[in-house]
4 protein chains.
Amino acid sequence: MRKTVIGVMGPGNGATTDNLESAYELGKYIAQEGWILLTGGRNVGVMDAASRGAKEANGIAIGILPDESEGGVSEAVDIAIFTGMGNARNNINVLSSHAIVACGIGTGTTSEIALALKADKPVILLNKDETCRFFFQKLSKERMAIAETPEHAIEVTKRFLAASR
Amino acid sequence: MRKTVIGVMGPGNGATTDNLESAYELGKYIAQEGWILLTGGRNVGVMDAASRGAKEANGIAIGILPDESEGGVSEAVDIAIFTGMGNARNNINVLSSHAIVACGIGTGTTSEIALALKADKPVILLNKDETCRFFFQKLSKERMAIAETPEHAIEVTKRFLAASR
Amino acid sequence: MRKTVIGVMGPGNGATTDNLESAYELGKYIAQEGWILLTGGRNVGVMDAASRGAKEANGIAIGILPDESEGGVSEAVDIAIFTGMGNARNNINVLSSHAIVACGIGTGTTSEIALALKADKPVILLNKDETCRFFFQKLSKERMAIAETPEHAIEVTKRFLAASR
Amino acid sequence: MRKTVIGVMGPGNGATTDNLESAYELGKYIAQEGWILLTGGRNVGVMDAASRGAKEANGIAIGILPDESEGGVSEAVDIAIFTGMGNARNNINVLSSHAIVACGIGTGTTSEIALALKADKPVILLNKDETCRFFFQKLSKERMAIAETPEHAIEVTKRFLAASR
């Protein structure tokens, strides 16, 4: 009955075109696997693109919003959870995901990767930045993986899910 | 695309048989309306009974858990959101619901009714206790309604939803 | 080394003149006992009045703000804790206080009394409303006390503190 | 009236001897400046060492705990704020500090640095790790500074505080 929830985290306004394309693909693949997509829920950047991808594939997109109420929710989000707690909601994002894919990097995404590693959640880095890869692999070798493409990220996610059963 | 979310709040271990039966009916009716059921997600009391009702009617039950991780989640919950923030999650329950039905009373439920009224959310009290009815109606006449049965609570919920459009 | 922290909770904009006078007295007495005053920290109502009372007696007033940043903090607050989590911060107020005095009533205060009782914290009701007294005494006889005056509230607080040692 | 609050963040169980010595010095210097020390409040690592430093200099140490209640609070903490929200409290740590000094590195500290930069708070990195320095300077050049010693960190903090007035 309980659904598998995969989080896709990444920059909002600072997302690159590459981040957006990858996020869209990730959302689509996650829905195709029958998993629930979880994002930060806002109508910008990686959150929005991933949710639109999930919608394209008739999946379910949950958005965990920093806000108290409407305004700024991605139109592709099916179920909006309003936390009213700003970026402290980043911890809810990671605790509620069976694994997270970090698509691109920024301050918010960095906090989510770090909180996920602290909570012992698998993190897949989809990001070509060498400093970023090196920094996080030093923090945690066991729970971190690097993916080169969205397809690869999904494969690695499956491996993590299988290992945790 | 966005789904209507109705919260059902009520006692956990302190729930009466009457509370449990009403919660089950509420969950079923909410699912039949095509709404998402939101509860506190634990495997006891009103949360559990409402989620089982929604499951019976093939609906979707979201649980907003106080815990950081597995253990204690109702088996009828489809999507578990782990907040790791204890009873502070009660505020998320009310902010994320378009209306809440309070089925029975206890300290946690009291906090949820009060936080809902503060956030200007409609609250339907399904509870025969006169002191309780009188106390909350004094706090807020406009957003509070009393229901005598689960069917009645659903009717009142519909009226609130229509008025807010 | 660790200081005793006493919370004073009550309405913001909805506070009565009587609430404000009582809150000021409470803040003063709390400081005179060498206790730390904890409030919701905003520059209105009971929070502000209690903090000014503590300042008058050279005490320390801590404010646990709902906001992310400056703007709206009582001038009498010495140490501002910015939670950025709205009314979910009410749970922090009660968890961090050894006992709370509820001075007047409103939706926010109701949530704090309920959360305090749930967390098994002593609550002293300074409030002449019979419905309110009756409602909360039904919720928890053991941890609830009624006080008629600020002096009386301080006496009852001392008794609770002595019993918990 | 309002006190300046400086946060010292760093590893708990994973702290190095060098981290602990620096944290103790930082706590002492912060108290000597008349500032309030804010930490995560637990009785381990950088939090504990910084609080003991502040105590040595007769300062005030506030601890923002992840827990709901007693158990695990540093003995050198004067005022304990119990959030009951686990690592989501890291956001409160940074929002409540005028500047933060990150003494050493770990997953929790990484989340705090990132959340601080997101909230536009000055961050001083006291940490010789080149990857770490390089990673965070790429994230935010303006609000990040590197310090070589505790004394240097205090100097840089003063410069940030002066600039924000």
# chains A, B, ... in the order shown; residues from 1 in each chain; ligands from 1
call {"tool": "closest_atom_pairs", "arguments": {"of": "chain A", "to": "chain D", "cutoff": "7 Å", "atoms": "only C-alpha atoms", "output": "JSON lines"}}
result
{"residue": "A:Asn87", "atom": "CA", "partner": "D:Asn91", "partner_atom": "CA", "distance": 6.9}
{"residue": "A:Ala88", "atom": "CA", "partner": "D:Ala88", "partner_atom": "CA", "distance": 5.0}
{"residue": "A:Asn91", "atom": "CA", "partner": "D:Ala88", "partner_atom": "CA", "distance": 5.5}
{"residue": "A:Gly106", "atom": "CA", "partner": "D:Leu139", "partner_atom": "CA", "distance": 6.6}
{"residue": "A:Thr107", "atom": "CA", "partner": "D:Ala114", "partner_atom": "CA", "distance": 4.9}
{"residue": "A:Gly108", "atom": "CA", "partner": "D:Ala114", "partner_atom": "CA", "distance": 6.6}
{"residue": "A:Thr110", "atom": "CA", "partner": "D:Ala114", "partner_atom": "CA", "distance": 6.1}
{"residue": "A:Ser111", "atom": "CA", "partner": "D:Ser111", "partner_atom": "CA", "distance": 4.1}
{"residue": "A:Ala114", "atom": "CA", "partner": "D:Thr107", "partner_atom": "CA", "distance": 4.9}
{"residue": "A:Leu115", "atom": "CA", "partner": "D:Ser111", "partner_atom": "CA", "distance": 6.2}
{"residue": "A:Leu117", "atom": "CA", "partner": "D:Thr107", "partner_atom": "CA", "distance": 6.6}
{"residue": "A:Lys118", "atom": "CA", "partner": "D:Thr107", "partner_atom": "CA", "distance": 5.6}
{"residue": "A:Thr131", "atom": "CA", "partner": "D:Phe135", "partner_atom": "CA", "distance": 5.9}
{"residue": "A:Cys132", "atom": "CA", "partner": "D:Phe135", "partner_atom": "CA", "distance": 6.3}
{"residue": "A:Phe135", "atom": "CA", "partner": "D:Thr131", "partner_atom": "CA", "distance": 5.9}
{"residue": "A:Leu139", "atom": "CA", "partner": "D:Gly106", "partner_atom": "CA", "distance": 6.6}
call {"tool": "residues_around", "arguments": {"residues": "Pro11 (chain A)", "least_positions_apart": "2", "cutoff": "9 Å", "atoms": "only C-alpha atoms", "output": "list in words"}}
result
Met9, Asn13, Gly14, Ala15, Thr16, Asn19, Val44, Gly45, Val46, Met47, Cys103, Gly104, Ile105, Gly106, Thr107, Gly108 and Thr109 of chain A
call {"tool": "select_by_dssp", "arguments": {"residues": "region 38-151 of chain D", "states": "strand (DSSP E)", "output": "list in words"}}
result
Leu38, Thr39, Ala61, Ile62, Gly63, Ile64, Leu65, Ile79, Ala80, Ile81, Phe82, Ala99, Ile100, Val101, Ala102, Cys103, Val123, Ile124, Leu125, Leu126, Met144, Ala145, Ile146 and Ala147 of chain D
call {"tool": "write_last_selection", "arguments": {"atoms": "N, CA, C and O atoms", "output": "compact mmCIF listing (two decimals), in the first residue's frame"}}
result
# COMPACT_ATOMS: atom_id res chain seq x y z
N LEU D 38 25.48 31.19 20.71
CA LEU D 38 24.42 30.25 20.35
C LEU D 38 25.04 29.00 19.74
O LEU D 38 25.87 29.10 18.83
N THR D 39 24.62 27.84 20.24
CA THR D 39 25.10 26.57 19.64
C THR D 39 23.92 25.60 19.56
O THR D 39 22.82 25.92 19.99
N ALA D 61 25.44 31.29 27.37
CA ALA D 61 25.41 30.30 26.29
C ALA D 61 23.98 29.79 26.11
O ALA D 61 23.39 29.26 27.05
N ILE D 62 23.47 29.97 24.90
CA ILE D 62 22.14 29.45 24.57
C ILE D 62 22.33 28.20 23.73
O ILE D 62 23.16 28.19 22.81
N GLY D 63 21.56 27.18 24.03
CA GLY D 63 21.61 25.95 23.24
C GLY D 63 20.27 25.70 22.59
O GLY D 63 19.25 25.69 23.27
N ILE D 64 20.27 25.51 21.27
CA ILE D 64 19.04 25.22 20.53
C ILE D 64 19.04 23.71 20.27
O ILE D 64 19.69 23.24 19.32
N LEU D 65 18.36 22.98 21.09
CA LEU D 65 18.44 21.52 21.07
C LEU D 65 17.54 20.88 20.02
O LEU D 65 16.45 21.37 19.75
N ILE D 79 20.79 28.63 28.91
CA ILE D 79 19.38 28.65 28.51
C ILE D 79 19.20 27.63 27.40
O ILE D 79 19.82 27.72 26.34
N ALA D 80 18.36 26.62 27.68
CA ALA D 80 18.13 25.55 26.71
C ALA D 80 16.80 25.78 26.01
O ALA D 80 15.77 25.95 26.66
N ILE D 81 16.84 25.83 24.69
CA ILE D 81 15.61 25.93 23.89
C ILE D 81 15.40 24.55 23.28
O ILE D 81 16.22 24.09 22.47
N PHE D 82 14.32 23.89 23.68
CA PHE D 82 14.02 22.55 23.17
C PHE D 82 13.08 22.66 21.98
O PHE D 82 11.94 23.09 22.13
N ALA D 99 25.85 36.27 12.94
CA ALA D 99 26.89 35.68 12.08
C ALA D 99 27.18 34.31 12.65
O ALA D 99 26.92 34.07 13.83
N ILE D 100 27.67 33.40 11.81
CA ILE D 100 28.06 32.10 12.35
C ILE D 100 29.51 31.78 12.01
O ILE D 100 30.01 32.14 10.95
N VAL D 101 30.15 31.12 12.98
CA VAL D 101 31.49 30.60 12.75
C VAL D 101 31.36 29.08 12.66
O VAL D 101 30.84 28.45 13.58
N ALA D 102 31.79 28.53 11.52
CA ALA D 102 31.76 27.08 11.34
C ALA D 102 33.13 26.53 11.67
O ALA D 102 34.09 26.77 10.95
N CYS D 103 33.19 25.81 12.76
CA CYS D 103 34.45 25.33 13.32
C CYS D 103 34.55 23.84 13.05
O CYS D 103 33.99 23.02 13.77
N VAL D 123 29.07 34.00 7.13
CA VAL D 123 29.63 32.73 7.60
C VAL D 123 31.14 32.84 7.61
O VAL D 123 31.74 33.25 6.61
N ILE D 124 31.73 32.48 8.74
CA ILE D 124 33.19 32.45 8.81
C ILE D 124 33.63 30.99 8.96
O ILE D 124 33.23 30.31 9.90
N LEU D 125 34.43 30.56 8.00
CA LEU D 125 34.89 29.16 7.97
C LEU D 125 36.22 29.05 8.69
O LEU D 125 37.22 29.63 8.25
N LEU D 126 36.22 28.29 9.78
CA LEU D 126 37.46 28.06 10.53
C LEU D 126 37.80 26.59 10.34
O LEU D 126 37.35 25.72 11.10
N MET D 144 30.84 34.74 2.56
CA MET D 144 31.76 33.75 3.12
C MET D 144 33.11 34.38 3.41
O MET D 144 33.64 35.11 2.59
N ALA D 145 33.67 34.04 4.55
CA ALA D 145 35.05 34.44 4.82
C ALA D 145 35.77 33.24 5.41
O ALA D 145 35.16 32.34 5.97
N ILE D 146 37.09 33.26 5.24
CA ILE D 146 37.92 32.19 5.77
C ILE D 146 38.72 32.76 6.93
O ILE D 146 39.26 33.87 6.82
N ALA D 147 38.80 32.04 8.04
CA ALA D 147 39.64 32.49 9.15
C ALA D 147 40.65 31.40 9.46
O ALA D 147 40.37 30.21 9.31
call {"tool": "atom_distance", "arguments": {"atom1": "CA of Lys128 (chain A)", "atom2": "CA of Gly10 (chain D)"}}
result
27.9 Å
call {"tool": "select_by_dssp", "arguments": {"residues": "region 14-67 of chain A", "states": "alpha helix (DSSP H)", "output": "PDB file with N, CA, C and O atoms, in the first residue's frame"}}
result
ATOM      1  N   THR A  17      19.763  25.440 -17.804  1.00  0.00           N
ATOM      2  CA  THR A  17      18.935  24.726 -18.788  1.00  0.00           C
ATOM      3  C   THR A  17      19.169  23.224 -18.682  1.00  0.00           C
ATOM      4  O   THR A  17      18.223  22.427 -18.759  1.00  0.00           O
ATOM      5  N   ASP A  18      20.398  22.862 -18.451  1.00  0.00           N
ATOM      6  CA  ASP A  18      20.736  21.458 -18.303  1.00  0.00           C
ATOM      7  C   ASP A  18      20.047  20.847 -17.078  1.00  0.00           C
ATOM      8  O   ASP A  18      19.489  19.751 -17.139  1.00  0.00           O
ATOM      9  N   ASN A  19      20.055  21.579 -15.959  1.00  0.00           N
ATOM     10  CA  ASN A  19      19.364  21.121 -14.740  1.00  0.00           C
ATOM     11  C   ASN A  19      17.882  20.895 -15.024  1.00  0.00           C
ATOM     12  O   ASN A  19      17.292  19.903 -14.596  1.00  0.00           O
ATOM     13  N   LEU A  20      17.266  21.837 -15.748  1.00  0.00           N
ATOM     14  CA  LEU A  20      15.823  21.764 -16.005  1.00  0.00           C
ATOM     15  C   LEU A  20      15.477  20.564 -16.878  1.00  0.00           C
ATOM     16  O   LEU A  20      14.497  19.858 -16.617  1.00  0.00           O
ATOM     17  N   GLU A  21      16.308  20.345 -17.902  1.00  0.00           N
ATOM     18  CA  GLU A  21      16.051  19.196 -18.774  1.00  0.00           C
ATOM     19  C   GLU A  21      16.208  17.878 -18.017  1.00  0.00           C
ATOM     20  O   GLU A  21      15.391  16.968 -18.161  1.00  0.00           O
ATOM     21  N   SER A  22      17.242  17.803 -17.203  1.00  0.00           N
ATOM     22  CA  SER A  22      17.461  16.582 -16.419  1.00  0.00           C
ATOM     23  C   SER A  22      16.319  16.364 -15.428  1.00  0.00           C
ATOM     24  O   SER A  22      15.856  15.238 -15.231  1.00  0.00           O
ATOM     25  N   ALA A  23      15.868  17.443 -14.784  1.00  0.00           N
ATOM     26  CA  ALA A  23      14.797  17.331 -13.783  1.00  0.00           C
ATOM     27  C   ALA A  23      13.505  16.837 -14.433  1.00  0.00           C
ATOM     28  O   ALA A  23      12.797  15.991 -13.870  1.00  0.00           O
ATOM     29  N   TYR A  24      13.229  17.348 -15.612  1.00  0.00           N
ATOM     30  CA  TYR A  24      12.025  16.914 -16.340  1.00  0.00           C
ATOM     31  C   TYR A  24      12.107  15.407 -16.621  1.00  0.00           C
ATOM     32  O   TYR A  24      11.147  14.658 -16.375  1.00  0.00           O
ATOM     33  N   GLU A  25      13.247  14.965 -17.103  1.00  0.00           N
ATOM     34  CA  GLU A  25      13.439  13.539 -17.389  1.00  0.00           C
ATOM     35  C   GLU A  25      13.304  12.698 -16.112  1.00  0.00           C
ATOM     36  O   GLU A  25      12.659  11.650 -16.112  1.00  0.00           O
ATOM     37  N   LEU A  26      13.922  13.189 -15.035  1.00  0.00           N
ATOM     38  CA  LEU A  26      13.849  12.462 -13.761  1.00  0.00           C
ATOM     39  C   LEU A  26      12.399  12.298 -13.318  1.00  0.00           C
ATOM     40  O   LEU A  26      11.970  11.215 -12.906  1.00  0.00           O
ATOM     41  N   GLY A  27      11.625  13.394 -13.390  1.00  0.00           N
ATOM     42  CA  GLY A  27      10.214  13.347 -12.980  1.00  0.00           C
ATOM     43  C   GLY A  27       9.441  12.318 -13.788  1.00  0.00           C
ATOM     44  O   GLY A  27       8.637  11.547 -13.241  1.00  0.00           O
ATOM     45  N   LYS A  28       9.726  12.303 -15.080  1.00  0.00           N
ATOM     46  CA  LYS A  28       9.035  11.368 -15.974  1.00  0.00           C
ATOM     47  C   LYS A  28       9.390   9.923 -15.630  1.00  0.00           C
ATOM     48  O   LYS A  28       8.502   9.073 -15.465  1.00  0.00           O
ATOM     49  N   TYR A  29      10.681   9.658 -15.471  1.00  0.00           N
ATOM     50  CA  TYR A  29      11.114   8.287 -15.169  1.00  0.00           C
ATOM     51  C   TYR A  29      10.574   7.819 -13.815  1.00  0.00           C
ATOM     52  O   TYR A  29      10.194   6.655 -13.649  1.00  0.00           O
ATOM     53  N   ILE A  30      10.592   8.717 -12.842  1.00  0.00           N
ATOM     54  CA  ILE A  30      10.102   8.370 -11.495  1.00  0.00           C
ATOM     55  C   ILE A  30       8.630   7.961 -11.572  1.00  0.00           C
ATOM     56  O   ILE A  30       8.213   6.946 -10.997  1.00  0.00           O
ATOM     57  N   ALA A  31       7.850   8.722 -12.312  1.00  0.00           N
ATOM     58  CA  ALA A  31       6.423   8.383 -12.472  1.00  0.00           C
ATOM     59  C   ALA A  31       6.267   7.046 -13.195  1.00  0.00           C
ATOM     60  O   ALA A  31       5.414   6.227 -12.841  1.00  0.00           O
ATOM     61  N   GLN A  32       7.098   6.831 -14.204  1.00  0.00           N
ATOM     62  CA  GLN A  32       7.000   5.576 -14.964  1.00  0.00           C
ATOM     63  C   GLN A  32       7.328   4.343 -14.117  1.00  0.00           C
ATOM     64  O   GLN A  32       6.820   3.245 -14.382  1.00  0.00           O
ATOM     65  N   GLY A  45      12.382  26.489 -11.384  1.00  0.00           N
ATOM     66  CA  GLY A  45      13.555  25.630 -11.414  1.00  0.00           C
ATOM     67  C   GLY A  45      13.300  24.137 -11.453  1.00  0.00           C
ATOM     68  O   GLY A  45      12.360  23.652 -12.084  1.00  0.00           O
ATOM     69  N   VAL A  46      14.176  23.431 -10.759  1.00  0.00           N
ATOM     70  CA  VAL A  46      14.176  21.971 -10.765  1.00  0.00           C
ATOM     71  C   VAL A  46      12.874  21.389 -10.210  1.00  0.00           C
ATOM     72  O   VAL A  46      12.348  20.401 -10.730  1.00  0.00           O
ATOM     73  N   MET A  47      12.328  22.038  -9.151  1.00  0.00           N
ATOM     74  CA  MET A  47      11.067  21.567  -8.544  1.00  0.00           C
ATOM     75  C   MET A  47       9.953  21.540  -9.575  1.00  0.00           C
ATOM     76  O   MET A  47       9.206  20.567  -9.704  1.00  0.00           O
ATOM     77  N   ASP A  48       9.841  22.630 -10.296  1.00  0.00           N
ATOM     78  CA  ASP A  48       8.771  22.759 -11.284  1.00  0.00           C
ATOM     79  C   ASP A  48       8.986  21.801 -12.455  1.00  0.00           C
ATOM     80  O   ASP A  48       8.053  21.128 -12.899  1.00  0.00           O
ATOM     81  N   ALA A  49      10.200  21.739 -12.953  1.00  0.00           N
ATOM     82  CA  ALA A  49      10.497  20.888 -14.113  1.00  0.00           C
ATOM     83  C   ALA A  49      10.263  19.413 -13.802  1.00  0.00           C
ATOM     84  O   ALA A  49       9.659  18.683 -14.598  1.00  0.00           O
ATOM     85  N   ALA A  50      10.706  18.971 -12.629  1.00  0.00           N
ATOM     86  CA  ALA A  50      10.517  17.570 -12.252  1.00  0.00           C
ATOM     87  C   ALA A  50       9.026  17.255 -12.130  1.00  0.00           C
ATOM     88  O   ALA A  50       8.561  16.209 -12.593  1.00  0.00           O
ATOM     89  N   SER A  51       8.273  18.180 -11.556  1.00  0.00           N
ATOM     90  CA  SER A  51       6.827  17.958 -11.382  1.00  0.00           C
ATOM     91  C   SER A  51       6.135  17.883 -12.740  1.00  0.00           C
ATOM     92  O   SER A  51       5.238  17.057 -12.947  1.00  0.00           O
ATOM     93  N   ARG A  52       6.574  18.715 -13.686  1.00  0.00           N
ATOM     94  CA  ARG A  52       5.980  18.662 -15.021  1.00  0.00           C
ATOM     95  C   ARG A  52       6.319  17.335 -15.717  1.00  0.00           C
ATOM     96  O   ARG A  52       5.480  16.762 -16.420  1.00  0.00           O
ATOM     97  N   GLY A  53       7.508  16.840 -15.463  1.00  0.00           N
ATOM     98  CA  GLY A  53       7.875  15.540 -16.022  1.00  0.00           C
ATOM     99  C   GLY A  53       6.986  14.423 -15.478  1.00  0.00           C
ATOM    100  O   GLY A  53       6.521  13.555 -16.222  1.00  0.00           O
ATOM    101  N   ALA A  54       6.736  14.464 -14.170  1.00  0.00           N
ATOM    102  CA  ALA A  54       5.896  13.436 -13.544  1.00  0.00           C
ATOM    103  C   ALA A  54       4.472  13.513 -14.094  1.00  0.00           C
ATOM    104  O   ALA A  54       3.827  12.492 -14.355  1.00  0.00           O
ATOM    105  N   LYS A  55       4.003  14.727 -14.289  1.00  0.00           N
ATOM    106  CA  LYS A  55       2.650  14.930 -14.821  1.00  0.00           C
ATOM    107  C   LYS A  55       2.536  14.356 -16.226  1.00  0.00           C
ATOM    108  O   LYS A  55       1.567  13.672 -16.561  1.00  0.00           O
ATOM    109  N   GLU A  56       3.550  14.626 -17.035  1.00  0.00           N
ATOM    110  CA  GLU A  56       3.612  14.105 -18.404  1.00  0.00           C
ATOM    111  C   GLU A  56       3.421  12.585 -18.432  1.00  0.00           C
ATOM    112  O   GLU A  56       2.807  12.040 -19.344  1.00  0.00           O
TER     113      GLU A  56
END
call {"tool": "atom_distance", "arguments": {"atom1": "CA of Asp78 (chain D)", "atom2": "CA of Glu33 (chain C)"}}
result
16.1 Å
